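Quick look at entry-v3.pdb (PDB, C-alpha atoms):
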ATOM      1  CA  MET A 224     -29.585  10.221 -73.742
ATOM      2  CA  LYS A 225     -31.572  13.255 -72.663
ATOM      3  CA  ILE A 226     -32.590  14.332 -69.163
ATOM      4  CA  ASP A 227     -35.558  16.628 -68.635
ATOM      5  CA  GLY A 228     -36.134  17.326 -64.958
ATOM      6  CA  ASP A 229     -36.514  13.921 -63.328
ATOM      7  CA  ILE A 230     -37.174  12.007 -66.596
ATOM      8  CA  LEU A 231     -34.290  10.332 -68.421
ATOM      9  CA  THR A 232     -34.924   9.399 -72.057
ATOM     10  CA  ILE A 233     -32.612   6.870 -73.689
ATOM     11  CA  ASP A 234     -32.212   5.192 -77.048
ATOM     12  CA  LEU A 235     -32.361   1.399 -76.830
ATOM     13  CA  ASN A 236     -29.811   1.023 -79.623
ATOM     14  CA  LEU A 237     -26.708   1.916 -77.570
ATOM     15  CA  SER A 238     -23.188   0.626 -78.074
ATOM     16  CA  MET A 239     -21.351  -0.976 -75.158
ATOM     17  CA  ASP A 240     -19.350   2.228 -74.594
ATOM     18  CA  GLU A 241     -22.583   4.233 -74.468
ATOM     19  CA  ILE A 242     -24.092   1.760 -71.984
ATOM     20  CA  VAL A 243     -21.045   2.169 -69.718
ATOM     21  CA  THR A 244     -21.392   5.958 -70.007
ATOM     22  CA  LEU A 245     -25.112   5.693 -69.187
ATOM     23  CA  GLU A 246     -24.358   3.599 -66.091
ATOM     24  CA  GLU A 247     -21.705   6.094 -64.941
ATOM     25  CA  PHE A 248     -24.217   8.914 -65.446
ATOM     26  CA  VAL A 249     -27.157   7.234 -63.698
ATOM     27  CA  ARG A 250     -25.511   5.721 -60.593
ATOM     28  CA  PRO A 251     -24.703   9.006 -58.778
ATOM     29  CA  ARG A 252     -28.073  10.495 -59.804
ATOM     30  CA  ILE A 253     -30.291   7.476 -59.193
ATOM     31  CA  GLU A 254     -32.171   9.080 -56.301
ATOM     32  CA  TYR A 255     -33.158  12.063 -58.471
ATOM     33  CA  ILE A 256     -34.439  10.106 -61.471
ATOM     34  CA  GLU A 257     -38.149   9.265 -61.307
ATOM     35  CA  ARG A 258     -38.662   7.747 -64.756
ATOM     36  CA  ILE A 259     -36.573   6.237 -67.553
ATOM     37  CA  GLU A 260     -38.262   6.374 -70.932
ATOM     38  CA  THR A 261     -37.157   5.038 -74.293
ATOM     39  CA  GLU A 262     -37.125   6.939 -77.558
ATOM     40  CA  ASP A 263     -39.956   6.075 -79.923
ATOM     41  CA  GLY A 264     -39.003   3.545 -82.543
ATOM     42  CA  SER A 265     -35.732   2.535 -80.914
ATOM     43  CA  VAL A 266     -34.883  -1.165 -80.922
ATOM     44  CA  LEU A 267     -33.008  -2.964 -78.154
ATOM     45  CA  SER A 268     -29.688  -4.135 -79.543
ATOM     46  CA  SER A 269     -27.833  -5.242 -76.421
ATOM     47  CA  SER A 270     -28.666  -7.473 -73.499
ATOM     48  CA  ALA A 271     -26.216  -5.342 -71.468
ATOM     49  CA  LEU A 272     -28.673  -2.429 -71.605
ATOM     50  CA  LEU A 273     -31.504  -4.705 -70.547
ATOM     51  CA  SER A 274     -29.373  -5.908 -67.611
ATOM     52  CA  LEU A 275     -28.561  -2.333 -66.614
ATOM     53  CA  LEU A 276     -32.227  -1.310 -66.647
ATOM     54  CA  VAL A 277     -33.198  -4.334 -64.552
ATOM     55  CA  SER A 278     -30.376  -3.560 -62.115
ATOM     56  CA  ILE A 279     -31.555   0.050 -61.783
ATOM     57  CA  LYS A 280     -35.125  -1.149 -61.179
ATOM     58  CA  LYS A 281     -33.946  -3.588 -58.476
ATOM     59  CA  THR A 282     -31.801  -0.905 -56.828
ATOM     60  CA  ARG A 283     -34.638   1.630 -56.779
ATOM     61  CA  PRO A 284     -37.995  -0.103 -57.424
ATOM     62  CA  GLU A 285     -39.980   3.149 -57.415
ATOM     63  CA  ILE A 286     -38.305   4.310 -60.653
ATOM     64  CA  GLU A 287     -40.773   3.965 -63.516
ATOM     65  CA  ILE A 288     -39.323   2.161 -66.526
ATOM     66  CA  PRO A 289     -42.284   1.585 -68.863
ATOM     67  CA  PHE A 290     -40.125  -0.493 -71.218
ATOM     68  CA  LEU A 291     -39.721  -3.106 -68.454
ATOM     69  CA  GLU A 292     -43.253  -2.852 -67.119
ATOM     70  CA  LYS A 293     -45.096  -4.273 -70.098
ATOM     71  CA  GLU A 294     -45.012  -7.585 -71.884
ATOM     72  CA  GLN A 295     -42.237  -7.612 -74.457
ATOM     73  CA  THR A 296     -40.825  -9.794 -77.184
ATOM     74  CA  ILE A 297     -37.411  -8.633 -78.356
ATOM     75  CA  SER A 298     -35.399 -10.282 -81.104
ATOM     76  CA  PHE A 299     -31.606 -10.243 -81.057
ATOM     77  CA  ALA A 300     -29.203 -11.689 -83.597
ATOM     78  CA  SER A 301     -28.491 -14.477 -81.098
ATOM     79  CA  GLY A 302     -32.082 -15.238 -80.070
ATOM     80  CA  THR A 303     -35.342 -13.900 -78.672
ATOM     81  CA  VAL A 304     -36.182 -12.563 -75.230
ATOM     82  CA  HIS A 305     -39.778 -12.707 -74.000
ATOM     83  CA  TRP A 306     -40.906 -11.542 -70.586
ATOM     84  CA  LYS A 307     -43.982 -10.595 -68.641
ATOM     85  CA  TYR A 308     -43.908  -8.020 -65.879
ATOM     86  CA  HIS A 309     -45.077  -9.169 -62.451
ATOM     87  CA  ASP A 310     -45.347  -7.052 -59.297
TER      88      ASP A 310
END
Final structure tokens representation of the file:
Amino acid sequence: MKIDGDILTIDLNLSMDEIVTLEEFVRPRIEYIERIETEDGSVLSSSALLSLLVSIKKTRPEIEIPFLEKEQTISFASGTVHWKYHD
């Protein structure tokens, strides 16, 4: 996790403890974050992170989260997630 001004960059391959830490970091600063980017080449390894990002987007829709705003197909050990972004 790296913050540069109003842009937060995260790795998609976070452990559950790191996701909890990310949530604790973001919640009090949510009004100051304008964009959440993902590190190049990182692979989503937890549906908990996906849920957190969706929750942040619902809480503050003006935050840009490019990872959520494009069509995705993500494979997990337990299955595949496919979604399309709709405004």
- Task: Would you kindly translate the PyMOL selection byres ((chain A and resi 269) around 10) into the concrete residues it picks from this file, as a list in words?
- Result: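 Going through the file, the PyMOL selection byres ((chain A and resi 269) around 10) ends up selecting Leu235, Asn236, Leu237, Ser238, Met239, Ile242, Val266, Leu267, Ser268, Ser270, Ala271, Leu272, Leu273, Ser274, Phe299 and Ala300 of chain A.
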- Task: Choose the residue, out of A:Leu275, A:Met224, A:Leu291, A:Ile286, that has the smallest atom-to-atom separation from Ile253 in chain A; count all atoms listed in the file.
- Result: A:Ile286
- Task: Show which residues sit within 9 Å of Glu287 in chain A, as a list of chain:residue names. Count all atoms listed in the file, and ignore same-chain residues fewer than 5 positions away.
- Result: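 Counting all atoms listed in the file, the residues come to A:Glu257, A:Arg258, A:Ile259, A:Glu260, A:Lys280, A:Glu292.
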- Pairwise distance for CA of Glu262 in chain A and CA of Asp229 in chain A, rounded to one decimal in Å: 15.9 Å
- Query: Just how far from CA of Thr261 in chain A is CA of Leu245 in chain A, in Å to one decimal?
  - Reply: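 A separation of 13.1 Å between them.
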- Message: Measuring between all atoms listed in the file, which one of A:Glu285, A:Lys225, A:Asp234, A:Val277 shows the shortest distance to Glu254 in chain A?
- Response: A:Glu285
- Distance CA of Ile233 in chain A-CA of Ser265 in chain A, one decimal place? 9.0 Å
- Query: From the set A:Gly228, A:Gly264, A:Ile279, A:Pro284, which residue has the shortest atom-to-atom contact distance to Pro251 in chain A, counting all atoms listed in the file?
  - Reply: A:Ile279
Write range 231-242 of chain A as a tab-separated table (two decimals), in the coordinates of the input, completed to all heavy atoms.
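Printed below is out.tsv as written:
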chain	number	residue	atom	x	y	z
A	231	LEU	N	-35.42	10.66	-67.56
A	231	LEU	CA	-34.29	10.33	-68.42
A	231	LEU	C	-34.83	9.58	-69.63
A	231	LEU	O	-35.56	8.61	-69.48
A	231	LEU	CB	-33.28	9.45	-67.67
A	231	LEU	CG	-32.09	8.93	-68.45
A	231	LEU	CD1	-31.20	10.08	-68.91
A	231	LEU	CD2	-31.29	7.95	-67.61
A	232	THR	N	-34.50	10.06	-70.83
A	232	THR	CA	-34.92	9.40	-72.06
A	232	THR	C	-33.69	8.83	-72.73
A	232	THR	O	-32.70	9.55	-72.93
A	232	THR	CB	-35.62	10.39	-73.00
A	232	THR	OG1	-36.73	10.99	-72.30
A	232	THR	CG2	-36.15	9.69	-74.24
A	233	ILE	N	-33.75	7.54	-73.07
A	233	ILE	CA	-32.61	6.87	-73.69
A	233	ILE	C	-33.02	6.20	-74.99
A	233	ILE	O	-34.19	5.88	-75.19
A	233	ILE	CB	-31.99	5.82	-72.74
A	233	ILE	CG1	-33.01	4.73	-72.38
A	233	ILE	CG2	-31.42	6.48	-71.51
A	233	ILE	CD1	-32.43	3.55	-71.64
A	234	ASP	N	-32.04	5.97	-75.83
A	234	ASP	CA	-32.21	5.19	-77.05
A	234	ASP	C	-31.87	3.75	-76.68
A	234	ASP	O	-30.92	3.50	-75.94
A	234	ASP	CB	-31.27	5.72	-78.13
A	234	ASP	CG	-31.41	5.02	-79.47
A	234	ASP	OD1	-32.32	4.17	-79.60
A	234	ASP	OD2	-30.64	5.33	-80.37
A	235	LEU	N	-32.64	2.80	-77.14
A	235	LEU	CA	-32.36	1.40	-76.83
A	235	LEU	C	-31.23	0.83	-77.66
A	235	LEU	O	-30.69	-0.22	-77.35
A	235	LEU	CB	-33.62	0.55	-77.04
A	235	LEU	CG	-34.76	0.81	-76.06
A	235	LEU	CD1	-35.97	-0.03	-76.45
A	235	LEU	CD2	-34.32	0.50	-74.64
A	236	ASN	N	-30.86	1.50	-78.73
A	236	ASN	CA	-29.81	1.02	-79.62
A	236	ASN	C	-28.48	1.67	-79.24
A	236	ASN	O	-27.93	2.46	-80.00
A	236	ASN	CB	-30.19	1.33	-81.07
A	236	ASN	CG	-29.25	0.71	-82.05
A	236	ASN	OD1	-28.52	-0.22	-81.73
A	236	ASN	ND2	-29.24	1.23	-83.26
A	237	LEU	N	-27.96	1.34	-78.05
A	237	LEU	CA	-26.71	1.92	-77.57
A	237	LEU	C	-25.56	0.92	-77.75
A	237	LEU	O	-25.75	-0.28	-77.60
A	237	LEU	CB	-26.82	2.26	-76.08
A	237	LEU	CG	-27.84	3.31	-75.67
A	237	LEU	CD1	-27.87	3.47	-74.16
A	237	LEU	CD2	-27.54	4.64	-76.33
A	238	SER	N	-24.38	1.46	-78.02
A	238	SER	CA	-23.19	0.63	-78.07
A	238	SER	C	-22.75	0.32	-76.64
A	238	SER	O	-23.23	0.92	-75.68
A	238	SER	CB	-22.06	1.36	-78.81
A	238	SER	OG	-21.62	2.46	-78.03
A	239	MET	N	-21.83	-0.61	-76.49
A	239	MET	CA	-21.35	-0.98	-75.16
A	239	MET	C	-20.71	0.22	-74.46
A	239	MET	O	-20.92	0.43	-73.27
A	239	MET	CB	-20.36	-2.14	-75.26
A	239	MET	CG	-20.08	-2.80	-73.96
A	239	MET	SD	-21.61	-3.47	-73.25
A	239	MET	CE	-21.16	-3.46	-71.56
A	240	ASP	N	-19.95	1.03	-75.18
A	240	ASP	CA	-19.35	2.23	-74.59
A	240	ASP	C	-20.42	3.20	-74.11
A	240	ASP	O	-20.28	3.82	-73.04
A	240	ASP	CB	-18.44	2.93	-75.60
A	240	ASP	CG	-17.17	2.15	-75.90
A	240	ASP	OD1	-16.77	1.31	-75.05
A	240	ASP	OD2	-16.58	2.37	-76.97
A	241	GLU	N	-21.49	3.35	-74.87
A	241	GLU	CA	-22.58	4.23	-74.47
A	241	GLU	C	-23.33	3.68	-73.25
A	241	GLU	O	-23.79	4.46	-72.40
A	241	GLU	CB	-23.55	4.44	-75.63
A	241	GLU	CG	-22.94	5.23	-76.78
A	241	GLU	CD	-23.80	5.23	-78.02
A	241	GLU	OE1	-24.38	4.17	-78.35
A	241	GLU	OE2	-23.88	6.29	-78.68
A	242	ILE	N	-23.44	2.37	-73.15
A	242	ILE	CA	-24.09	1.76	-71.98
A	242	ILE	C	-23.26	2.01	-70.73
A	242	ILE	O	-23.80	2.34	-69.68
A	242	ILE	CB	-24.33	0.26	-72.22
A	242	ILE	CG1	-25.36	0.06	-73.33
A	242	ILE	CG2	-24.79	-0.44	-70.94
A	242	ILE	CD1	-25.48	-1.37	-73.83
